[in-house]
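Heads up: the structure comes next, in structure tokens.
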Amino acid sequence: METVSLTINGKKIVTEKGKRVLWAALENGIFIPHLCAIEENPLPFGSCRLCFVEIEGKKEPVASCTEEVTDGMIVDTRTESVLRLVRMAFKLIMSRHPIICRECPANKKCALQDISREMGFKLKPKRLPQILPDLPVDDSHSLFTYNPNLCVLCGLCVYICNEIVKEAILDFNFRGFITKVGTFKNRPLAESKCNSCLKCVEACPVGALSRK
Ligand code: SF4
Ligand code: SF4
Ligand code: FES
């Protein structure tokens with residue numbers, strides 16, 4: 001295996017050539033918030049805007065889920081501009097996310113709670129009104145439920161269903177505020193050809209897809 005050496009927050013790291021900065025940091029105990037990336041996806045969606053870092057020599061912060069490590073790279077995950085961008089991205093996500101942790105199936109294993117704890121961000125956004133979706137829950141499948149009101153539209157379930165399981169059952173339906181994950185023609189999950197592998201449920205970082 002070809003390796004490269006880099007520094008993240010002052011810590012020297014040796015990692016595999018071609019790895020992206022996000023995974024190199026996480027594997028070495030350095031937390032970078034992220035919702036929409038999985039390592040298997042070589043072309044991450046880059047939609048959550050939470051994984052910004054600064055790299056010496058680059059003018060602007062970059063998304064660590066798309067940036068490959070290079071030899072001698074110097075990365076900082078907590079500069080003022082990174083924190084400003086990440087705080088705003090988190091606020092925007094939480095401005096349309098109901099905070100019902102006690103009754104949520106993801107409570108205590110939720111990526112939003114992890115980000116809040118690790119970054120010191122409040123779950124409830126300050127000085128930004130919450131406008132919450134009120135979309136119907138799909139409870140038709142015998143093994144799992146999809147609650148679009150808790151969905152952060154990270155796209156992980158869609159990627160896994162289409163690119164890993166190769167079933168192409170899930171996709172994004174509708175646009176704007178009512179965008180949700182759904183089946184072809186937005187039919188109930190029980191009426192789709194879902195093979196019940198539950199890999200989408202395992203990948204969901206929040207309480208939107210949950211086992212019964
Ligand atoms: S998804 Fe996470 S933050 Fe949202 S209600 Fe559930 S536990 Fe709380
Ligand atoms: S259901 Fe879960 S995995 Fe799928 S887009 Fe929503 S939050 Fe992401
Ligand atoms: S994890 Fe990089 S933009 Fe979402």
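Chain labels run A, B, ... following the order of the structure tokens; each chain numbers its residues from 1, and ligands are numbered from 1 in the order shown.
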**Request:** All residues within 10 Å of ligand 2 are required, counting only C-alpha atoms and all ligand atoms; please report them as a ChimeraX atom specification.
**Result:** /A:35-36,111,145-161,170-172,179-182,199-210
**Item:** Exercise: Val82 (chain A) partners within 7 Å, only C-alpha atoms, chain neighbours under 4 positions left out, as an NGL selection string
**Value:** :A and (52-54 or 61 or 77-78 or 86)
Can I get the selection written as a compact mmCIF listing (two decimals), in the first residue's frame, with all heavy atoms?
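Result saved to part_39.txt:
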```
# COMPACT_ATOMS: atom_id res chain seq x y z
N PHE A 52 -16.24 20.98 6.20
CA PHE A 52 -15.20 21.91 5.77
C PHE A 52 -13.95 21.83 6.65
O PHE A 52 -14.04 21.63 7.87
CB PHE A 52 -15.71 23.34 5.80
CG PHE A 52 -16.54 23.69 4.59
CD1 PHE A 52 -17.88 23.97 4.71
CD2 PHE A 52 -15.95 23.73 3.34
CE1 PHE A 52 -18.65 24.29 3.60
CE2 PHE A 52 -16.70 24.05 2.21
CZ PHE A 52 -18.05 24.33 2.35
N VAL A 53 -12.79 22.01 6.00
CA VAL A 53 -11.50 22.14 6.71
C VAL A 53 -10.69 23.19 5.95
O VAL A 53 -11.01 23.52 4.81
CB VAL A 53 -10.71 20.81 6.72
CG1 VAL A 53 -11.46 19.72 7.47
CG2 VAL A 53 -10.37 20.33 5.30
N GLU A 54 -9.65 23.69 6.61
CA GLU A 54 -8.71 24.56 5.88
C GLU A 54 -7.43 23.79 5.60
O GLU A 54 -6.97 23.03 6.45
CB GLU A 54 -8.42 25.83 6.69
CG GLU A 54 -9.48 26.89 6.44
CD GLU A 54 -9.01 28.30 6.76
OE1 GLU A 54 -8.14 28.82 6.02
OE2 GLU A 54 -9.52 28.86 7.73
N PRO A 61 -11.77 27.47 2.62
CA PRO A 61 -12.00 26.13 3.18
C PRO A 61 -12.54 25.18 2.10
O PRO A 61 -13.20 25.62 1.16
CB PRO A 61 -13.06 26.38 4.26
CG PRO A 61 -12.91 27.82 4.63
CD PRO A 61 -12.50 28.51 3.37
N THR A 77 -8.95 21.71 11.16
CA THR A 77 -10.40 21.47 11.11
C THR A 77 -11.19 22.48 11.95
O THR A 77 -12.41 22.43 11.96
CB THR A 77 -10.75 20.06 11.63
OG1 THR A 77 -10.50 20.02 13.04
CG2 THR A 77 -9.93 18.99 10.94
N ARG A 78 -10.49 23.35 12.67
CA ARG A 78 -11.22 24.23 13.61
C ARG A 78 -10.82 25.70 13.49
O ARG A 78 -10.74 26.40 14.48
CB ARG A 78 -10.98 23.76 15.06
CG ARG A 78 -11.47 22.35 15.37
CD ARG A 78 -12.97 22.30 15.56
NE ARG A 78 -13.44 20.92 15.61
CZ ARG A 78 -14.00 20.34 16.67
NH1 ARG A 78 -14.15 21.01 17.77
NH2 ARG A 78 -14.42 19.09 16.61
N VAL A 86 -19.44 25.86 9.16
CA VAL A 86 -20.05 24.62 9.64
C VAL A 86 -21.22 24.94 10.57
O VAL A 86 -22.28 24.30 10.51
CB VAL A 86 -18.99 23.74 10.35
CG1 VAL A 86 -19.62 22.48 10.93
CG2 VAL A 86 -17.88 23.36 9.38
```
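All residues, whether protein, DNA or RNA, that have an atom at most 9 Å from ligand 3 (counting only C-alpha atoms and all ligand atoms) are Leu22, Ile32, Pro33, His34, Leu35, Cys36, Ala37, Ile38, Pro44, Phe45, Gly46, Ser47, Cys48, Arg49, Leu50, Cys51, Phe52, Ala63, Ser64, Cys65, Thr66 and Cys154 of chain A.
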Kindly save the residues from that selection, with C-alpha atoms included, as a short mmCIF file (atom, residue, chain, number, x, y, z; two decimals), in the first residue's frame.
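The resulting file, out15.cif, is shown below:
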```cif
data_model
loop_
_atom_site.label_atom_id
_atom_site.label_comp_id
_atom_site.auth_asym_id
_atom_site.auth_seq_id
_atom_site.Cartn_x
_atom_site.Cartn_y
_atom_site.Cartn_z
CA LEU A 22 -12.43 13.21 6.10
CA ILE A 32 -15.08 16.27 11.41
CA PRO A 33 -18.86 16.66 11.17
CA HIS A 34 -20.40 14.93 8.16
CA LEU A 35 -23.78 13.57 7.08
CA CYS A 36 -23.73 12.90 3.36
CA ALA A 37 -20.49 10.96 2.80
CA ILE A 38 -19.67 7.27 3.00
CA PRO A 44 -19.65 12.08 -2.46
CA PHE A 45 -22.77 14.23 -2.82
CA GLY A 46 -21.14 17.16 -1.02
CA SER A 47 -24.61 18.32 -0.01
CA CYS A 48 -24.49 18.70 3.78
CA ARG A 49 -21.67 21.32 3.77
CA LEU A 50 -20.60 20.23 7.26
CA CYS A 51 -17.18 18.76 6.59
CA PHE A 52 -15.20 21.91 5.77
CA ALA A 63 -15.01 19.93 1.75
CA SER A 64 -12.92 17.21 3.40
CA CYS A 65 -15.13 14.45 1.96
CA THR A 66 -13.97 15.27 -1.57
CA CYS A 154 -28.19 13.21 3.14
#
```
Report the closest atom pair, with its distance in Å rounded to one decimal, for each residue of chain A that has an atom no farther than 8 Å from ligand 1; count only C-alpha atoms and all ligand atoms, sort by chain and then rising residue number, and write it as a Markdown table.
```
| residue | atom | partner | partner_atom_place_in_ligand_line | distance |
| --- | --- | --- | --- | --- |
| A:His97 | CA | ligand 1 | 4 (Fe) | 6.5 |
| A:Pro98 | CA | ligand 1 | 5 (S) | 5.9 |
| A:Ile99 | CA | ligand 1 | 5 (S) | 4.4 |
| A:Ile100 | CA | ligand 1 | 5 (S) | 4.2 |
| A:Cys101 | CA | ligand 1 | 8 (Fe) | 3.4 |
| A:Arg102 | CA | ligand 1 | 7 (S) | 7.2 |
| A:Glu103 | CA | ligand 1 | 5 (S) | 7.5 |
| A:Cys104 | CA | ligand 1 | 6 (Fe) | 4.5 |
| A:Pro105 | CA | ligand 1 | 6 (Fe) | 6.5 |
| A:Ala106 | CA | ligand 1 | 7 (S) | 4.7 |
| A:Asn107 | CA | ligand 1 | 7 (S) | 3.8 |
| A:Lys108 | CA | ligand 1 | 7 (S) | 6.4 |
| A:Lys109 | CA | ligand 1 | 7 (S) | 7.2 |
| A:Cys110 | CA | ligand 1 | 2 (Fe) | 4.6 |
| A:Ala111 | CA | ligand 1 | 2 (Fe) | 6.6 |
| A:Leu112 | CA | ligand 1 | 3 (S) | 5.1 |
| A:Gln113 | CA | ligand 1 | 3 (S) | 5.5 |
| A:Leu123 | CA | ligand 1 | 3 (S) | 6.8 |
| A:Leu150 | CA | ligand 1 | 1 (S) | 5.7 |
| A:Cys151 | CA | ligand 1 | 1 (S) | 7.7 |
| A:Pro205 | CA | ligand 1 | 1 (S) | 7.7 |
| A:Val206 | CA | ligand 1 | 1 (S) | 4.1 |
| A:Gly207 | CA | ligand 1 | 1 (S) | 4.3 |
| A:Ala208 | CA | ligand 1 | 1 (S) | 6.7 |
```
Deliver the residues from the most recent selection as a file, using N, CA, C and O atoms, as a short mmCIF file (atom, residue, chain, number, x, y, z; two decimals), in the first residue's frame.
```cif
data_model
loop_
_atom_site.label_atom_id
_atom_site.label_comp_id
_atom_site.auth_asym_id
_atom_site.auth_seq_id
_atom_site.Cartn_x
_atom_site.Cartn_y
_atom_site.Cartn_z
N HIS A 97 -35.65 20.73 11.16
CA HIS A 97 -35.61 19.41 11.78
C HIS A 97 -36.28 19.42 13.15
O HIS A 97 -35.83 20.13 14.05
N PRO A 98 -37.37 18.65 13.34
CA PRO A 98 -38.02 18.65 14.65
C PRO A 98 -37.10 18.03 15.71
O PRO A 98 -36.46 17.01 15.45
N ILE A 99 -37.02 18.67 16.86
CA ILE A 99 -36.14 18.13 17.91
C ILE A 99 -37.02 17.38 18.91
O ILE A 99 -37.56 17.95 19.86
N ILE A 100 -37.17 16.09 18.62
CA ILE A 100 -38.05 15.24 19.43
C ILE A 100 -37.24 14.03 19.89
O ILE A 100 -37.69 12.88 19.81
N CYS A 101 -36.01 14.31 20.35
CA CYS A 101 -35.05 13.23 20.62
C CYS A 101 -35.60 12.13 21.53
O CYS A 101 -35.35 10.96 21.29
N ARG A 102 -36.32 12.51 22.57
CA ARG A 102 -36.75 11.49 23.54
C ARG A 102 -37.61 10.41 22.91
O ARG A 102 -37.57 9.26 23.32
N GLU A 103 -38.43 10.81 21.90
CA GLU A 103 -39.28 9.80 21.28
C GLU A 103 -38.74 9.31 19.94
O GLU A 103 -39.40 8.57 19.23
N CYS A 104 -37.53 9.74 19.59
CA CYS A 104 -36.97 9.41 18.27
C CYS A 104 -36.20 8.09 18.32
O CYS A 104 -35.46 7.83 19.26
N PRO A 105 -36.38 7.23 17.28
CA PRO A 105 -35.68 5.94 17.28
C PRO A 105 -34.15 6.07 17.23
O PRO A 105 -33.44 5.12 17.55
N ALA A 106 -33.64 7.25 16.84
CA ALA A 106 -32.17 7.41 16.75
C ALA A 106 -31.57 7.99 18.03
O ALA A 106 -30.36 8.18 18.10
N ASN A 107 -32.40 8.27 19.01
CA ASN A 107 -31.88 8.93 20.22
C ASN A 107 -30.65 8.20 20.77
O ASN A 107 -30.65 6.99 20.92
N LYS A 108 -29.58 8.94 21.00
CA LYS A 108 -28.29 8.46 21.54
C LYS A 108 -27.43 7.73 20.51
O LYS A 108 -26.34 7.26 20.83
N LYS A 109 -27.93 7.59 19.26
CA LYS A 109 -27.06 7.07 18.20
C LYS A 109 -27.28 7.90 16.93
O LYS A 109 -27.29 7.39 15.82
N CYS A 110 -27.43 9.18 17.14
CA CYS A 110 -27.82 10.10 16.07
C CYS A 110 -26.64 10.99 15.68
O CYS A 110 -25.95 11.55 16.54
N ALA A 111 -26.41 11.14 14.38
CA ALA A 111 -25.28 11.95 13.91
C ALA A 111 -25.46 13.43 14.27
O ALA A 111 -24.48 14.14 14.49
N LEU A 112 -26.71 13.89 14.33
CA LEU A 112 -26.94 15.30 14.69
C LEU A 112 -26.57 15.53 16.16
O LEU A 112 -25.97 16.55 16.51
N GLN A 113 -26.93 14.58 17.00
CA GLN A 113 -26.55 14.70 18.42
C GLN A 113 -25.03 14.64 18.57
O GLN A 113 -24.45 15.37 19.38
N LEU A 123 -28.67 21.99 19.37
CA LEU A 123 -29.54 21.36 18.37
C LEU A 123 -30.57 22.37 17.87
O LEU A 123 -30.85 22.44 16.68
N LEU A 150 -38.05 13.73 9.72
CA LEU A 150 -36.75 13.64 10.40
C LEU A 150 -35.60 13.50 9.41
O LEU A 150 -34.44 13.43 9.80
N CYS A 151 -35.93 13.45 8.12
CA CYS A 151 -34.91 13.18 7.09
C CYS A 151 -34.06 14.43 6.85
O CYS A 151 -34.59 15.52 6.67
N PRO A 205 -28.27 8.25 9.14
CA PRO A 205 -27.55 8.80 10.29
C PRO A 205 -28.46 9.40 11.35
O PRO A 205 -27.99 9.83 12.41
N VAL A 206 -29.77 9.48 11.04
CA VAL A 206 -30.73 10.08 11.98
C VAL A 206 -31.91 9.12 12.17
O VAL A 206 -31.80 7.94 11.85
N GLY A 207 -33.03 9.63 12.65
CA GLY A 207 -34.15 8.73 12.93
C GLY A 207 -35.16 8.60 11.81
O GLY A 207 -36.27 8.12 12.03
N ALA A 208 -34.79 9.01 10.59
CA ALA A 208 -35.77 9.01 9.50
C ALA A 208 -36.14 7.60 9.04
O ALA A 208 -37.30 7.31 8.77
#
```
**Prompt:** In Å, with one decimal, what is the gap from CA of Ile30 (chain A) to CA of Ile164 (chain A)?
**Reply:** 27.5 Å
**Prompt:** Got a sec to tell me which of region 24-196 of chain A DSSP assigns to strand (DSSP E or B), as a list of chain:residue names?
**Reply:** A:Phe52, A:Val53, A:Glu54, A:Ile55, A:Val62, A:Ala63, A:Glu68, A:Ile74, A:Val75, A:Asp76, A:Asp138, A:Phe144, A:Thr145, A:Tyr146, A:Asp171, A:Phe172, A:Asn173, A:Lys180, A:Val181, A:Gly182
**Message:** From the options A:Ser5, A:Ser142, A:Thr15, A:Asn162, which residue's atoms come nearest to Thr183 (chain A), counting only C-alpha atoms?
**Reply:**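 Selected residue with least distance to Thr183 (chain A): A:Asn162.
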**Selection near Ile55 (chain A), 8 Å with only C-alpha atoms, sequence-local residues under 2 positions removed, as a PyMOL selection string** = chain A and resi 53+57-58+61-62+73-76
**Message:** Could you check the closest approach to Asp138 (chain A) for each of A:Leu189, A:Ile13, A:Leu198, A:Ala25 and tell me which residue wins, using only C-alpha atoms?
**Reply:**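 The closest residue to Asp138 (chain A) is A:Leu189.
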